[in-house]
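Taking it in order: structure first as structure tokens, then the write-up.
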Amino acid sequence: MYPILNKIKLYIQVFLIEIGDLSYFAGRFFKEVFKSPFEFREFLRQCYQMGNRSLLLVSVTGFIIGLVFTLQSRPTLQEFGAVSWMPSMVSISIIREIGPIITALICAGRIGSGIGAELGSMRVTEQIDAMEVSGTNPFKYLVVTRISATILMLPILIIIGDAIAIYGSYLVENLKGNVSFTLYFNQVFDALEFSDLIPATIKSFFFGFAIGLVGCYKGYNSNKGTAGVGLAANSAVVYTSMLLFVIDFIAVFVTDIFYDL
């Protein structure tokens, strides 16, 4: 009985220490991000790396989501004679929830693991230590630029993924119900309101911050040799995925409160 309690106690201690270290890491980011010098060239390079190299994956994923979601929903709506509601239902569902969270999870696997592995390998090969010895601020150059890039690029990727998902839904409706492009998207824009777009856009910035923060934290503090690189990449994806669901729940909860007001 006691060994089990000791293990639970140890896990809780490790979890709380991890939360504390991550909070300190985030506080250091906010402290450094407003200090000069600003690494604009590295920031733009990271934006290109994260945005351009994730665009194809996000686009394909969004297109398939639009196709599958419409194909699965259409038979149910047909039973109730409500196929005309398909553009409204698909657009609101994708914009509010499905698009942001699925794209964020895809980027957590693509971007978060990449950051963790890259910074982890730099830590193991002592490149970060060499930057500190040479007088360069490695946190400013490596961490601040990457987190800032994820904060900027993730909302853009989510918007592109949402648009492609809705277009994929239109293709199904056009083939199944012979709905024109103009009619479909008129119904889409009639159904959408700013109250749908603003919360989804705001939480996408928090998604980007979470992906960049956890990836950088795991990679920057990597250890245990080369095995630590794989561990950093793997744990970055796991921790980020959990954090994304927590942020999404909080965002939906807060949005629901404002809707009630």
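We name chains A, B, ... following the order of the structure tokens; residues begin at 1 in each chain, and ligands are numbered from 1 as shown.
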Shell of 9 Å around Gly215 of chain A, only C-alpha atoms, local chain residues under 5 positions omitted, as a PyMOL selection string:
chain A and resi 108+111-117+119+147+210+220+232-233+235-237+239-240
DSSP-assigned alpha helix (DSSP H) members of segment 25-193 of chain A, reported as a ChimeraX atom specification:
/A:25-32,40-79,86-93,99-107,113-124,127-133,138,145-177,181-191
Please, could you write that set of residues out with C-alpha atoms as a tab-separated table (two decimals), in the first residue's frame?
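So the final result, stored in again.tsv, reads:
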chain	number	residue	atom	x	y	z
A	25	PHE	CA	10.23	29.49	-18.79
A	26	ALA	CA	7.10	31.33	-20.04
A	27	GLY	CA	7.83	34.27	-17.75
A	28	ARG	CA	11.35	34.49	-19.11
A	29	PHE	CA	9.95	34.55	-22.64
A	30	PHE	CA	7.70	37.53	-21.85
A	31	LYS	CA	10.64	39.26	-20.22
A	32	GLU	CA	12.99	38.71	-23.17
A	40	PHE	CA	14.10	39.72	-37.01
A	41	ARG	CA	16.04	37.64	-39.54
A	42	GLU	CA	15.84	34.49	-37.43
A	43	PHE	CA	12.19	35.23	-36.65
A	44	LEU	CA	11.34	35.49	-40.36
A	45	ARG	CA	13.31	32.31	-41.09
A	46	GLN	CA	11.34	30.45	-38.44
A	47	CYS	CA	8.05	31.81	-39.82
A	48	TYR	CA	9.00	30.46	-43.25
A	49	GLN	CA	10.10	27.10	-41.86
A	50	MET	CA	6.94	26.61	-39.80
A	51	GLY	CA	4.43	28.11	-42.20
A	52	ASN	CA	5.65	26.95	-45.57
A	53	ARG	CA	6.61	23.44	-44.51
A	54	SER	CA	3.34	22.88	-42.65
A	55	LEU	CA	1.08	24.33	-45.34
A	56	LEU	CA	0.70	21.19	-47.45
A	57	LEU	CA	-0.05	18.98	-44.43
A	58	VAL	CA	-2.61	21.46	-43.06
A	59	SER	CA	-4.23	21.88	-46.48
A	60	VAL	CA	-4.60	18.15	-47.11
A	61	THR	CA	-5.92	17.59	-43.59
A	62	GLY	CA	-8.43	20.42	-43.90
A	63	PHE	CA	-9.65	19.19	-47.28
A	64	ILE	CA	-10.21	15.67	-45.98
A	65	ILE	CA	-12.00	17.00	-42.87
A	66	GLY	CA	-14.42	18.93	-45.08
A	67	LEU	CA	-15.08	15.92	-47.29
A	68	VAL	CA	-15.54	13.40	-44.48
A	69	PHE	CA	-17.58	15.68	-42.23
A	70	THR	CA	-20.04	16.45	-45.04
A	71	LEU	CA	-20.28	12.84	-46.22
A	72	GLN	CA	-21.00	11.63	-42.69
A	73	SER	CA	-23.51	14.38	-41.84
A	74	ARG	CA	-25.48	14.46	-45.07
A	75	PRO	CA	-27.44	11.17	-44.62
A	76	THR	CA	-28.63	12.23	-41.15
A	77	LEU	CA	-29.80	15.63	-42.38
A	78	GLN	CA	-31.54	13.96	-45.33
A	79	GLU	CA	-33.67	11.89	-42.93
A	86	MET	CA	-25.53	21.69	-44.47
A	87	PRO	CA	-23.49	24.82	-45.42
A	88	SER	CA	-24.42	26.56	-42.17
A	89	MET	CA	-23.71	23.54	-39.98
A	90	VAL	CA	-20.40	22.68	-41.62
A	91	SER	CA	-19.06	26.24	-41.66
A	92	ILE	CA	-19.96	26.98	-38.02
A	93	SER	CA	-18.60	23.63	-36.79
A	99	GLY	CA	-10.65	23.50	-37.74
A	100	PRO	CA	-8.66	25.17	-34.95
A	101	ILE	CA	-8.18	22.13	-32.72
A	102	ILE	CA	-7.37	19.67	-35.53
A	103	THR	CA	-4.92	22.08	-37.16
A	104	ALA	CA	-3.32	22.81	-33.79
A	105	LEU	CA	-2.86	19.09	-33.12
A	106	ILE	CA	-1.35	18.58	-36.57
A	107	CYS	CA	1.05	21.47	-35.96
A	113	SER	CA	8.36	17.84	-32.23
A	114	GLY	CA	10.65	19.61	-34.71
A	115	ILE	CA	11.45	22.38	-32.24
A	116	GLY	CA	12.02	19.88	-29.43
A	117	ALA	CA	14.35	17.73	-31.53
A	118	GLU	CA	16.26	20.71	-32.96
A	119	LEU	CA	16.90	22.45	-29.64
A	120	GLY	CA	17.50	19.12	-27.93
A	121	SER	CA	20.25	18.22	-30.39
A	122	MET	CA	21.78	21.67	-29.94
A	123	ARG	CA	21.77	21.19	-26.17
A	124	VAL	CA	23.29	17.71	-26.37
A	127	GLN	CA	25.94	24.39	-29.22
A	128	ILE	CA	23.76	26.32	-26.75
A	129	ASP	CA	26.61	26.36	-24.23
A	130	ALA	CA	28.96	27.64	-26.95
A	131	MET	CA	26.55	30.49	-27.71
A	132	GLU	CA	26.50	31.47	-24.03
A	133	VAL	CA	30.32	31.44	-23.87
A	138	PRO	CA	20.73	31.74	-26.84
A	145	THR	CA	12.05	33.71	-32.18
A	146	ARG	CA	10.47	30.25	-32.34
A	147	ILE	CA	7.65	30.97	-29.91
A	148	SER	CA	6.90	34.28	-31.63
A	149	ALA	CA	6.83	32.53	-35.00
A	150	THR	CA	4.36	29.88	-33.81
A	151	ILE	CA	2.11	32.57	-32.30
A	152	LEU	CA	2.01	34.37	-35.65
A	153	MET	CA	1.86	31.43	-38.05
A	154	LEU	CA	-0.66	29.13	-36.38
A	155	PRO	CA	-3.68	31.47	-36.81
A	156	ILE	CA	-2.74	31.87	-40.49
A	157	LEU	CA	-2.51	28.09	-40.95
A	158	ILE	CA	-5.85	27.62	-39.17
A	159	ILE	CA	-7.56	30.17	-41.45
A	160	ILE	CA	-6.17	28.45	-44.54
A	161	GLY	CA	-7.18	25.02	-43.22
A	162	ASP	CA	-10.72	26.23	-42.44
A	163	ALA	CA	-11.13	27.72	-45.91
A	164	ILE	CA	-9.94	24.52	-47.62
A	165	ALA	CA	-12.18	22.39	-45.37
A	166	ILE	CA	-15.24	24.44	-46.31
A	167	TYR	CA	-14.28	24.17	-49.98
A	168	GLY	CA	-14.02	20.39	-49.60
A	169	SER	CA	-17.51	20.40	-48.10
A	170	TYR	CA	-18.75	22.40	-51.08
A	171	LEU	CA	-17.36	19.81	-53.51
A	172	VAL	CA	-19.39	17.06	-51.81
A	173	GLU	CA	-22.55	19.16	-51.87
A	174	ASN	CA	-21.95	20.03	-55.51
A	175	LEU	CA	-21.59	16.36	-56.47
A	176	LYS	CA	-24.40	15.04	-54.27
A	177	GLY	CA	-26.93	17.86	-54.46
A	181	PHE	CA	-20.60	27.65	-55.68
A	182	THR	CA	-22.39	30.97	-55.23
A	183	LEU	CA	-25.38	29.49	-53.40
A	184	TYR	CA	-23.23	27.39	-51.08
A	185	PHE	CA	-20.92	30.17	-50.00
A	186	ASN	CA	-23.75	32.70	-49.70
A	187	GLN	CA	-25.30	30.37	-47.11
A	188	VAL	CA	-21.91	29.95	-45.42
A	189	PHE	CA	-21.36	33.69	-45.02
A	190	ASP	CA	-24.96	34.27	-43.98
A	191	ALA	CA	-24.54	31.73	-41.16
Point-to-point distance from atom CA of Phe15 of chain A to atom CA of Ala251 of chain A, Å rounded to tenths:
23.3 Å
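When atom CA of Ser204 of chain A is paired with atom CA of Asp248 of chain A, their separation reads 9.2 Å.
Shortest atom-to-atom contact with Tyr141 of chain A among A:Ile211, A:Ala227, A:Val238, A:Cys216: A:Cys216, counting only C-alpha atoms.
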Between atom CA of Ser241 of chain A and atom CA of Lys203 of chain A - distance in Å to one decimal
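Atom-to-atom, atom CA of Lys203 of chain A to atom CA of Ser241 of chain A, that is 14.5 Å.
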Residue among A:Pro199, A:Gly109, A:Gly225, A:Gly20 lying closest to Glu126 of chain A, counting only C-alpha atoms
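Ranking A:Pro199, A:Gly109, A:Gly225, A:Gly20 by distance to Glu126 of chain A, first place goes to A:Gly225.
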